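A.B. asks: If it helps, the file is called protein_34.cif and holds mmCIF, C-alpha atoms:
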data_target
#
loop_
_atom_site.label_atom_id
_atom_site.label_comp_id
_atom_site.auth_asym_id
_atom_site.auth_seq_id
_atom_site.Cartn_x
_atom_site.Cartn_y
_atom_site.Cartn_z
CA MET A 1 159.43 96.21 62.30
CA SER A 2 161.80 94.10 64.37
CA ALA A 3 161.33 90.38 64.80
CA LYS A 4 161.01 90.90 68.55
CA ARG A 5 158.14 93.36 68.10
CA VAL A 6 156.40 90.99 65.69
CA LEU A 7 156.66 88.19 68.24
CA HIS A 8 155.19 90.45 70.93
CA ARG A 9 152.25 91.33 68.66
CA VAL A 10 151.62 87.70 67.84
CA ARG A 11 151.77 86.82 71.54
CA ASP A 12 149.34 89.64 72.41
CA ALA A 13 146.94 88.56 69.66
CA HIS A 14 147.01 84.99 70.92
CA LEU A 15 146.42 86.20 74.46
CA LEU A 16 143.45 88.32 73.39
CA ALA A 17 141.98 85.41 71.44
CA ALA A 18 142.39 83.16 74.47
CA ILE A 19 140.64 85.70 76.72
CA VAL A 20 137.77 86.05 74.27
CA ALA A 21 137.46 82.27 73.97
CA LEU A 22 137.51 81.91 77.75
CA GLY A 23 134.80 84.55 78.08
CA LEU A 24 132.62 82.80 75.51
CA SER A 25 133.10 79.41 77.14
CA VAL A 26 132.20 80.83 80.56
CA ALA A 27 129.08 82.52 79.13
CA GLN A 28 128.03 79.32 77.40
CA ALA A 29 128.58 77.33 80.58
CA VAL A 30 126.46 79.81 82.52
CA ALA A 31 123.68 79.55 79.92
CA GLN A 32 123.78 75.74 80.01
CA SER A 33 123.30 75.66 83.78
CA TYR A 34 120.68 78.42 83.69
CA PRO A 35 118.28 78.46 85.38
CA ASN A 36 118.79 76.54 88.60
CA ARG A 37 116.35 78.51 90.74
CA PRO A 38 113.09 80.47 90.29
CA ILE A 39 113.06 83.58 88.09
CA LYS A 40 111.36 86.81 89.09
CA MET A 41 109.35 88.85 86.59
CA VAL A 42 108.58 92.37 87.78
CA VAL A 43 105.33 93.92 86.58
CA PRO A 44 105.58 97.65 87.39
CA PHE A 45 101.81 98.07 87.74
CA ALA A 46 99.02 97.00 90.09
CA PRO A 47 97.52 93.50 89.74
CA GLY A 48 94.70 92.93 87.28
CA GLY A 49 96.23 94.51 84.19
CA ALA A 50 99.58 93.82 82.59
CA ASP A 51 100.25 90.90 84.93
CA VAL A 52 97.79 88.86 82.84
CA ILE A 53 100.30 89.09 79.98
CA ALA A 54 103.15 88.38 82.40
CA ARG A 55 101.49 85.14 83.51
CA LEU A 56 101.09 84.00 79.90
CA VAL A 57 104.79 84.63 79.29
CA GLY A 58 105.67 83.11 82.65
CA ASP A 59 103.82 79.89 81.85
CA GLN A 60 105.70 79.61 78.56
CA LEU A 61 109.08 80.22 80.22
CA THR A 62 108.30 77.78 83.05
CA ALA A 63 107.53 75.06 80.53
CA GLY A 64 110.69 75.78 78.57
CA LEU A 65 113.11 76.32 81.46
CA GLY A 66 111.81 73.96 84.10
CA GLN A 67 111.81 76.65 86.78
CA PRO A 68 108.86 78.69 88.12
CA ILE A 69 108.45 82.32 87.10
CA VAL A 70 107.41 84.39 90.11
CA ILE A 71 105.31 87.43 89.16
CA GLU A 72 105.99 90.45 91.37
CA ASN A 73 103.73 93.47 91.01
CA ARG A 74 105.56 96.68 91.92
CA PRO A 75 103.24 99.62 91.20
CA GLY A 76 104.16 103.19 91.99
CA GLY A 77 105.67 106.27 90.42
CA ALA A 78 104.79 107.81 87.11
CA GLY A 79 103.63 105.15 84.68
CA GLY A 80 105.50 102.19 86.13
CA THR A 81 108.85 103.88 86.68
CA VAL A 82 109.39 102.61 90.24
CA GLY A 83 109.16 98.93 89.36
CA THR A 84 111.21 99.45 86.21
CA LYS A 85 113.94 101.25 88.16
CA SER A 86 114.22 98.24 90.50
CA VAL A 87 115.07 96.00 87.54
CA THR A 88 117.83 98.30 86.27
CA THR A 89 119.71 97.79 89.56
CA ALA A 90 119.19 94.01 89.78
CA GLU A 91 121.96 91.49 89.16
CA PRO A 92 122.38 90.85 85.41
CA ASP A 93 122.18 87.10 85.79
CA GLY A 94 118.91 86.26 84.06
CA TYR A 95 116.97 85.81 87.29
CA THR A 96 115.21 89.18 87.11
CA LEU A 97 112.98 90.10 84.17
CA THR A 98 110.39 92.80 83.66
CA LEU A 99 107.26 92.98 81.57
CA ALA A 100 107.84 96.21 79.68
CA SER A 101 105.34 98.60 78.11
CA PRO A 102 105.56 102.07 76.51
CA GLY A 103 104.97 104.06 79.73
CA PRO A 104 108.20 103.43 81.66
CA ILE A 105 110.35 102.52 78.64
CA THR A 106 109.68 104.99 75.81
CA VAL A 107 107.33 107.63 77.23
CA ALA A 108 108.58 108.53 80.73
CA PRO A 109 112.21 108.91 79.55
CA ALA A 110 110.94 111.32 76.88
CA VAL A 111 108.95 113.40 79.36
CA TYR A 112 110.86 113.54 82.64
CA LYS A 113 114.25 115.23 82.85
CA THR A 114 114.96 113.79 86.30
CA LEU A 115 114.16 110.15 85.55
CA ASP A 116 116.85 108.20 87.38
CA TYR A 117 117.31 105.33 84.93
CA ASP A 118 118.12 104.94 81.24
CA PRO A 119 116.16 102.14 79.54
CA ILE A 120 118.56 102.05 76.60
CA LYS A 121 121.75 101.74 78.68
CA GLN A 122 120.46 99.85 81.73
CA LEU A 123 118.04 97.32 80.24
CA ALA A 124 118.57 94.63 77.63
CA PRO A 125 115.72 93.62 75.29
CA VAL A 126 114.75 89.94 75.28
CA ALA A 127 111.67 89.81 73.04
CA MET A 128 108.60 91.76 72.09
CA ILE A 129 105.47 89.87 73.10
CA ALA A 130 102.39 91.49 71.60
CA SER A 131 100.78 94.72 70.48
CA ALA A 132 97.31 96.17 70.80
CA PRO A 133 95.64 98.90 68.77
CA VAL A 134 95.03 102.27 70.36
CA VAL A 135 91.79 103.96 69.39
CA MET A 136 90.63 107.57 69.50
CA VAL A 137 87.16 107.64 71.10
CA VAL A 138 84.76 110.47 71.85
CA HIS A 139 81.62 110.87 73.92
CA PRO A 140 78.46 110.50 71.74
CA ALA A 141 77.49 114.09 72.51
CA VAL A 142 80.49 115.32 70.53
CA PRO A 143 79.16 116.29 67.07
CA ALA A 144 81.86 114.41 65.16
CA LYS A 145 81.80 111.05 63.43
CA THR A 146 85.22 111.39 61.83
CA VAL A 147 88.58 112.79 62.90
CA ARG A 148 88.21 115.62 60.39
CA GLU A 149 84.87 116.58 61.94
CA PHE A 150 86.41 116.45 65.41
CA VAL A 151 89.25 118.75 64.34
CA ALA A 152 86.77 121.17 62.77
CA HIS A 153 84.66 121.14 65.95
CA ALA A 154 87.75 121.74 68.11
CA LYS A 155 88.87 124.64 65.94
CA ALA A 156 85.43 126.18 66.26
CA ASN A 157 85.61 125.79 70.07
CA PRO A 158 89.22 126.47 71.09
CA GLY A 159 90.03 125.53 74.70
CA LYS A 160 86.55 124.10 75.32
CA ILE A 161 87.18 120.43 74.59
CA ASN A 162 88.87 118.24 77.21
CA PHE A 163 90.77 115.04 76.49
CA ALA A 164 91.45 112.51 79.23
CA SER A 165 94.46 110.32 79.90
CA PRO A 166 95.49 107.80 82.60
CA GLY A 167 98.03 110.36 83.79
CA PHE A 168 100.55 113.00 82.79
CA GLY A 169 103.29 111.64 80.60
CA THR A 170 101.45 108.47 79.59
CA SER A 171 101.31 107.37 75.96
CA SER A 172 97.61 108.29 75.96
CA HIS A 173 98.55 111.83 76.94
CA LEU A 174 101.23 112.05 74.25
CA PHE A 175 98.85 110.82 71.57
CA GLY A 176 96.64 113.77 72.48
CA GLU A 177 99.60 116.13 72.28
CA LEU A 178 100.57 114.66 68.93
CA LEU A 179 97.06 115.27 67.62
CA LYS A 180 97.29 118.90 68.78
CA GLN A 181 100.65 119.33 67.06
CA ARG A 182 99.60 117.75 63.78
CA THR A 183 96.26 119.58 63.48
CA GLY A 184 96.80 122.87 65.34
CA ILE A 185 93.78 122.42 67.62
CA ASP A 186 93.53 123.76 71.18
CA ILE A 187 92.19 121.03 73.46
CA VAL A 188 92.78 120.69 77.21
CA HIS A 189 94.49 117.71 78.82
CA VAL A 190 92.81 116.24 81.93
CA PRO A 191 95.03 113.63 83.64
CA TYR A 192 93.55 110.88 85.83
CA ARG A 193 95.00 108.27 88.17
CA GLY A 194 94.66 105.39 85.78
CA ALA A 195 92.64 104.38 82.74
CA THR A 196 89.49 103.30 84.60
CA PRO A 197 88.57 106.69 86.11
CA ALA A 198 89.40 108.38 82.81
CA ILE A 199 87.02 106.08 80.94
CA VAL A 200 84.32 106.49 83.60
CA ASP A 201 84.39 110.27 83.20
CA LEU A 202 84.45 110.02 79.41
CA VAL A 203 81.38 107.80 79.44
CA GLY A 204 79.78 110.25 81.88
CA GLY A 205 80.50 113.20 79.60
CA GLN A 206 82.83 115.08 81.98
CA VAL A 207 85.53 114.89 79.28
CA GLN A 208 85.05 114.56 75.55
CA MET A 209 87.89 112.48 74.06
CA LEU A 210 90.44 109.80 74.94
CA PHE A 211 93.13 107.66 73.31
CA ASP A 212 93.21 104.19 74.84
CA ASN A 213 93.70 100.49 74.11
CA VAL A 214 90.82 99.01 72.17
CA ARG A 215 90.35 96.29 74.77
CA ASN A 216 89.76 98.88 77.51
CA VAL A 217 86.93 100.65 75.68
CA GLN A 218 85.52 97.95 73.41
CA SER A 219 82.50 97.15 75.60
CA PHE A 220 81.54 100.83 75.78
CA ILE A 221 81.88 101.14 72.00
CA GLN A 222 79.66 98.11 71.49
CA ALA A 223 77.09 99.54 73.91
CA GLY A 224 77.02 102.86 72.03
CA LYS A 225 78.39 104.77 75.03
CA LEU A 226 81.55 105.80 73.18
CA ARG A 227 82.16 106.54 69.51
CA PRO A 228 85.43 105.40 67.90
CA LEU A 229 86.96 107.63 65.24
CA ALA A 230 90.30 106.06 64.24
CA VAL A 231 93.19 103.83 65.30
CA THR A 232 96.69 105.19 65.85
CA SER A 233 98.60 102.41 64.07
CA SER A 234 99.84 102.60 60.48
CA ALA A 235 97.56 99.72 59.45
CA ARG A 236 93.97 98.98 60.33
CA SER A 237 93.41 96.70 63.29
CA ARG A 238 91.95 93.22 63.05
CA GLU A 239 89.91 94.14 66.13
CA THR A 240 88.31 97.15 64.41
CA PRO A 241 88.75 96.66 60.64
CA ASP A 242 86.17 99.32 59.76
CA LEU A 243 88.04 102.07 61.60
CA PRO A 244 90.47 104.16 59.53
CA THR A 245 94.00 104.87 60.64
CA MET A 246 94.85 108.41 61.72
CA THR A 247 96.65 108.90 58.42
CA GLU A 248 93.63 107.65 56.45
CA ALA A 249 91.51 109.98 58.58
CA GLY A 250 93.50 112.96 57.30
CA VAL A 251 96.08 113.62 60.03
CA ASP A 252 99.34 114.39 58.23
CA GLY A 253 102.64 113.41 59.81
CA TRP A 254 101.16 110.81 62.14
CA PHE A 255 103.46 107.93 63.07
CA ASP A 256 102.77 104.25 63.71
CA GLY A 257 101.67 104.14 67.34
CA TYR A 258 100.30 101.23 69.33
CA TYR A 259 100.40 99.71 72.80
CA TRP A 260 102.92 96.89 73.26
CA ASN A 261 104.38 94.54 75.84
CA GLY A 262 107.78 92.89 75.86
CA VAL A 263 110.36 91.34 78.16
CA LEU A 264 113.51 93.15 79.31
CA THR A 265 116.31 92.17 81.68
CA PRO A 266 119.17 94.13 83.29
CA ALA A 267 121.90 95.21 80.89
CA GLY A 268 124.94 92.96 81.11
CA THR A 269 122.94 89.74 81.27
CA PRO A 270 124.94 87.13 79.31
CA VAL A 271 123.92 87.00 75.67
CA PRO A 272 123.44 83.20 75.67
CA ILE A 273 120.87 83.57 78.47
CA ILE A 274 119.01 86.31 76.58
CA GLU A 275 119.03 84.16 73.44
CA LYS A 276 117.72 81.17 75.41
CA LEU A 277 114.81 83.22 76.76
CA ASN A 278 114.14 84.70 73.32
CA VAL A 279 113.89 81.29 71.66
CA ILE A 280 111.41 80.00 74.25
CA ILE A 281 109.21 83.10 73.98
CA ASN A 282 109.19 83.01 70.18
CA ASP A 283 108.34 79.30 70.21
CA GLY A 284 105.30 80.12 72.36
CA LEU A 285 104.22 82.96 70.06
CA ARG A 286 104.35 80.61 67.08
CA GLY A 287 102.25 78.00 68.86
CA ARG A 288 98.48 77.82 69.41
CA ASP A 289 97.77 78.48 73.07
CA MET A 290 99.65 81.74 73.58
CA PRO A 291 98.38 83.51 70.42
CA ALA A 292 94.82 82.39 71.23
CA ALA A 293 95.10 83.76 74.77
CA LEU A 294 96.53 87.03 73.47
CA ALA A 295 93.72 87.32 70.92
CA ARG A 296 91.17 87.04 73.73
CA LEU A 297 92.88 90.07 75.27
CA GLY A 298 92.68 91.99 72.00
CA MET A 299 96.41 91.67 71.34
CA GLU A 300 98.42 90.41 68.38
CA PRO A 301 101.59 88.30 68.80
CA LYS A 302 104.83 90.03 67.80
CA GLY A 303 108.04 88.15 68.63
CA GLY A 304 111.34 88.68 66.84
CA SER A 305 114.96 88.97 67.91
CA PRO A 306 116.36 91.01 70.81
CA GLN A 307 117.79 93.42 68.22
CA ASP A 308 114.35 93.85 66.61
CA PHE A 309 112.97 94.85 69.99
CA ALA A 310 115.92 97.18 70.68
CA THR A 311 115.37 98.91 67.34
CA HIS A 312 111.68 99.41 68.11
CA ILE A 313 112.41 100.88 71.56
CA ALA A 314 115.04 103.30 70.21
CA ALA A 315 112.78 104.51 67.39
CA GLU A 316 109.76 104.99 69.64
CA LEU A 317 111.79 106.82 72.30
CA ALA A 318 113.12 109.22 69.65
CA ARG A 319 109.63 109.95 68.32
CA TRP A 320 108.05 110.50 71.73
CA SER A 321 110.98 112.72 72.74
CA ALA A 322 110.26 114.91 69.73
CA VAL A 323 106.58 115.14 70.70
CA ALA A 324 107.49 116.04 74.29
CA ARG A 325 109.91 118.75 73.16
CA ALA A 326 107.32 120.25 70.84
CA ALA A 327 104.80 120.26 73.71
CA ASN A 328 107.38 122.04 75.90
CA PHE A 329 107.02 119.61 78.78
#
I'd like the structure from this file rewritten - as structure tokens, please.
C.D. replies:
Amino acid sequence: MSAKRVLHRVRDAHLLAAIVALGLSVAQAVAQSYPNRPIKMVVPFAPGGADVIARLVGDQLTAGLGQPIVIENRPGGAGGTVGTKSVTTAEPDGYTLTLASPGPITVAPAVYKTLDYDPIKQLAPVAMIASAPVVMVVHPAVPAKTVREFVAHAKANPGKINFASPGFGTSSHLFGELLKQRTGIDIVHVPYRGATPAIVDLVGGQVQMLFDNVRNVQSFIQAGKLRPLAVTSSARSRETPDLPTMTEAGVDGWFDGYYWNGVLTPAGTPVPIIEKLNVIINDGLRGRDMPAALARLGMEPKGGSPQDFATHIAAELARWSAVARAANF
């Protein structure tokens, strides 16, 4: 190789290093001045539900950043997809966040072919906040006190047992489809417009079974109006320690499934900003007030790095996609 070519390569390498250094210094400068105005957190559901978690996170971020977090509820679409879509097209500057949950992030992309956003490519994970156990409950009239007994009853009555969900393509719906696939039972899906009407009809006996967050059905369980059979996670829940997991209950091939919330921001947001947000959220989850507030909501603190959250999202999306394909959605 000629000396001239070597000099050109050395010059190019120095130029590339200078560009990289400049980019890093700019990103760091942006992070140091961030934030200098209020931050918006989109909750893609109606008020009174997930926005309670958003306000807990918002309070922690406000204390750590010195700027208010404005909660914006944007319900609409299938399982929160409208509000989530709005975040994918926002400026990647750290001033738009979203409180994420399984519906619009790992379930809807697995179910709908025409979904007009990609959560993996268009959203950047910041931190996982908390998880909540999902429980399989039945109406007391169902002659089953275990999952095995429910499966036996369903096999003896094919097509006669209805299971409710808050809507087509929700995680509750897919848990029901997963149960069908793993046990070979024939039960009928009845979608509702939200969890509340689904629970009302289950308590009233119009449908026979439902998968839902423990916190949504706990009062009915305590009142004897619903009977819990198992939790969907791989380990027993602190909320319901006497309930077996689906695997313990005899359902082979079940995977670790639970409800979760986390914070995402548009892809392309500078890494130093994401890391700054992550540190503040994790500090709150290791404190006293935030875990105590989450516990009152029946949720367990999670936390972790942005990469931890990204790994969880990718794994869950792959598993739900397999369930959706098997169900021929």
A.B. asks: Which residues come within 10 Å of range 59-71 of chain A, counting all atoms listed in the file, excluding same-chain residues fewer than 4 positions away, as a PDB file with C-alpha atoms, in the coordinates of the input?
C.D. replies:
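Output (around-v7.pdb):
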ATOM      1  CA  TYR A  34     120.680  78.420  83.690  1.00  0.00           C
ATOM      2  CA  PRO A  35     118.280  78.460  85.380  1.00  0.00           C
ATOM      3  CA  ASN A  36     118.790  76.540  88.600  1.00  0.00           C
ATOM      4  CA  ARG A  37     116.350  78.510  90.740  1.00  0.00           C
ATOM      5  CA  PRO A  38     113.090  80.470  90.290  1.00  0.00           C
ATOM      6  CA  ILE A  39     113.060  83.580  88.090  1.00  0.00           C
ATOM      7  CA  LYS A  40     111.360  86.810  89.090  1.00  0.00           C
ATOM      8  CA  MET A  41     109.350  88.850  86.590  1.00  0.00           C
ATOM      9  CA  VAL A  42     108.580  92.370  87.780  1.00  0.00           C
ATOM     10  CA  VAL A  43     105.330  93.920  86.580  1.00  0.00           C
ATOM     11  CA  PRO A  47      97.520  93.500  89.740  1.00  0.00           C
ATOM     12  CA  ASP A  51     100.250  90.900  84.930  1.00  0.00           C
ATOM     13  CA  VAL A  52      97.790  88.860  82.840  1.00  0.00           C
ATOM     14  CA  ALA A  54     103.150  88.380  82.400  1.00  0.00           C
ATOM     15  CA  ARG A  55     101.490  85.140  83.510  1.00  0.00           C
ATOM     16  CA  TYR A  95     116.970  85.810  87.290  1.00  0.00           C
ATOM     17  CA  THR A  96     115.210  89.180  87.110  1.00  0.00           C
ATOM     18  CA  LEU A  97     112.980  90.100  84.170  1.00  0.00           C
ATOM     19  CA  THR A  98     110.390  92.800  83.660  1.00  0.00           C
ATOM     20  CA  LEU A  99     107.260  92.980  81.570  1.00  0.00           C
ATOM     21  CA  LYS A 276     117.720  81.170  75.410  1.00  0.00           C
ATOM     22  CA  LEU A 277     114.810  83.220  76.760  1.00  0.00           C
ATOM     23  CA  ASN A 278     114.140  84.700  73.320  1.00  0.00           C
ATOM     24  CA  VAL A 279     113.890  81.290  71.660  1.00  0.00           C
ATOM     25  CA  ILE A 280     111.410  80.000  74.250  1.00  0.00           C
ATOM     26  CA  ILE A 281     109.210  83.100  73.980  1.00  0.00           C
ATOM     27  CA  ASN A 282     109.190  83.010  70.180  1.00  0.00           C
ATOM     28  CA  ASP A 283     108.340  79.300  70.210  1.00  0.00           C
ATOM     29  CA  GLY A 284     105.300  80.120  72.360  1.00  0.00           C
ATOM     30  CA  LEU A 285     104.220  82.960  70.060  1.00  0.00           C
ATOM     31  CA  ASP A 289      97.770  78.480  73.070  1.00  0.00           C
ATOM     32  CA  MET A 290      99.650  81.740  73.580  1.00  0.00           C
TER      33      MET A 290
END
A.B. asks: List the residues matched by the PyMOL selection byres ((chain A and resi 166) around 9) in the displayed structure as JSON, numbers by chain, ordered by chain and then by residue number.
C.D. replies: {"A": [79, 164, 165, 167, 168, 169, 170, 171, 172, 173, 190, 191, 192, 193, 194, 195, 196, 197, 198, 199, 212]}
A.B. asks: Could you list as a list of chain:residue names every residue that has an atom within 12 Å of (112.8, 111.4, 84.9), using the file's coordinates and counting all atoms listed in the file?
C.D. replies: A:Gly77, A:Ala78, A:Gly79, A:Gly80, A:Thr81, A:Val82, A:Lys85, A:Gly103, A:Pro104, A:Ile105, A:Thr106, A:Val107, A:Ala108, A:Pro109, A:Ala110, A:Val111, A:Tyr112, A:Lys113, A:Thr114, A:Leu115, A:Asp116, A:Tyr117, A:Asp118, A:Pro119, A:Gly169, A:Phe329
A.B. asks: Export, as an mmCIF file, in the frame of the given file, the selected residues with C-alpha atoms.
C.D. replies:
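What ended up in selection-v5.cif:
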data_model
loop_
_atom_site.group_PDB
_atom_site.id
_atom_site.type_symbol
_atom_site.label_atom_id
_atom_site.label_comp_id
_atom_site.auth_asym_id
_atom_site.auth_seq_id
_atom_site.Cartn_x
_atom_site.Cartn_y
_atom_site.Cartn_z
ATOM 1 C CA GLY A 77 105.670 106.270 90.420
ATOM 2 C CA ALA A 78 104.790 107.810 87.110
ATOM 3 C CA GLY A 79 103.630 105.150 84.680
ATOM 4 C CA GLY A 80 105.500 102.190 86.130
ATOM 5 C CA THR A 81 108.850 103.880 86.680
ATOM 6 C CA VAL A 82 109.390 102.610 90.240
ATOM 7 C CA LYS A 85 113.940 101.250 88.160
ATOM 8 C CA GLY A 103 104.970 104.060 79.730
ATOM 9 C CA PRO A 104 108.200 103.430 81.660
ATOM 10 C CA ILE A 105 110.350 102.520 78.640
ATOM 11 C CA THR A 106 109.680 104.990 75.810
ATOM 12 C CA VAL A 107 107.330 107.630 77.230
ATOM 13 C CA ALA A 108 108.580 108.530 80.730
ATOM 14 C CA PRO A 109 112.210 108.910 79.550
ATOM 15 C CA ALA A 110 110.940 111.320 76.880
ATOM 16 C CA VAL A 111 108.950 113.400 79.360
ATOM 17 C CA TYR A 112 110.860 113.540 82.640
ATOM 18 C CA LYS A 113 114.250 115.230 82.850
ATOM 19 C CA THR A 114 114.960 113.790 86.300
ATOM 20 C CA LEU A 115 114.160 110.150 85.550
ATOM 21 C CA ASP A 116 116.850 108.200 87.380
ATOM 22 C CA TYR A 117 117.310 105.330 84.930
ATOM 23 C CA ASP A 118 118.120 104.940 81.240
ATOM 24 C CA PRO A 119 116.160 102.140 79.540
ATOM 25 C CA GLY A 169 103.290 111.640 80.600
ATOM 26 C CA PHE A 329 107.020 119.610 78.780
#
A.B. asks: Between CA of Leu179 in chain A and CA of Ala295 in chain A, what distance in Å does the model show, to one decimal?
C.D. replies: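 Going from CA of Leu179 in chain A over to CA of Ala295 in chain A covers 28.3 Å.
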A.B. asks: Let me know the residues the PyMOL selection byres ((chain A and resi 218) around 12) catches in the file above, as a tab-separated table (two decimals) with C-alpha atoms, in the coordinates of the input.
C.D. replies:
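The new file expr-v3.tsv reads:
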chain	number	residue	atom	x	y	z
A	133	PRO	CA	95.64	98.90	68.77
A	134	VAL	CA	95.03	102.27	70.36
A	135	VAL	CA	91.79	103.96	69.39
A	136	MET	CA	90.63	107.57	69.50
A	137	VAL	CA	87.16	107.64	71.10
A	199	ILE	CA	87.02	106.08	80.94
A	212	ASP	CA	93.21	104.19	74.84
A	213	ASN	CA	93.70	100.49	74.11
A	214	VAL	CA	90.82	99.01	72.17
A	215	ARG	CA	90.35	96.29	74.77
A	216	ASN	CA	89.76	98.88	77.51
A	217	VAL	CA	86.93	100.65	75.68
A	219	SER	CA	82.50	97.15	75.60
A	220	PHE	CA	81.54	100.83	75.78
A	221	ILE	CA	81.88	101.14	72.00
A	222	GLN	CA	79.66	98.11	71.49
A	223	ALA	CA	77.09	99.54	73.91
A	224	GLY	CA	77.02	102.86	72.03
A	225	LYS	CA	78.39	104.77	75.03
A	226	LEU	CA	81.55	105.80	73.18
A	227	ARG	CA	82.16	106.54	69.51
A	228	PRO	CA	85.43	105.40	67.90
A	239	GLU	CA	89.91	94.14	66.13
A	240	THR	CA	88.31	97.15	64.41
A	297	LEU	CA	92.88	90.07	75.27
A	298	GLY	CA	92.68	91.99	72.00
A.B. asks: Between CA of Gln307 in chain A and CA of Ala124 in chain A, what is the distance in Å, rounded to a tenth?
C.D. replies: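 These two atoms are separated by 9.5 Å.
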A.B. asks: If you count all atoms listed in the file, which residues fall within 9 Å of range 149-156 of chain A, apart from same-chain ones fewer than 4 positions away, as a PyMOL selection string?
C.D. replies: chain A and resi 138+142-145+160-161+183-187+229
A.B. asks: Could the residues in this selection be saved with C-alpha atoms as a CSV table (one decimal), keeping the file's coordinate frame?
C.D. replies:
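part_1.csv, freshly written:
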chain,number,residue,atom,x,y,z
A,138,VAL,CA,84.8,110.5,71.8
A,142,VAL,CA,80.5,115.3,70.5
A,143,PRO,CA,79.2,116.3,67.1
A,144,ALA,CA,81.9,114.4,65.2
A,145,LYS,CA,81.8,111.0,63.4
A,160,LYS,CA,86.6,124.1,75.3
A,161,ILE,CA,87.2,120.4,74.6
A,183,THR,CA,96.3,119.6,63.5
A,184,GLY,CA,96.8,122.9,65.3
A,185,ILE,CA,93.8,122.4,67.6
A,186,ASP,CA,93.5,123.8,71.2
A,187,ILE,CA,92.2,121.0,73.5
A,229,LEU,CA,87.0,107.6,65.2
A.B. asks: Might you spell out which residues the PyMOL selection byres ((chain A and resi 176) around 8) would select in the displayed file, as a list in words?
C.D. replies: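 Given this file, the PyMOL selection byres ((chain A and resi 176) around 8) evaluates to Phe163, Ser172, His173, Leu174, Phe175, Glu177, Leu178, Leu179, Lys180, His189, Leu210 and Phe211 of chain A.
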A.B. asks: By how many Å are CA of Gly49 in chain A and CA of Trp320 in chain A apart?
C.D. replies: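 Taking CA of Gly49 in chain A as the start and CA of Trp320 in chain A as the end point, the length is 23.5 Å.
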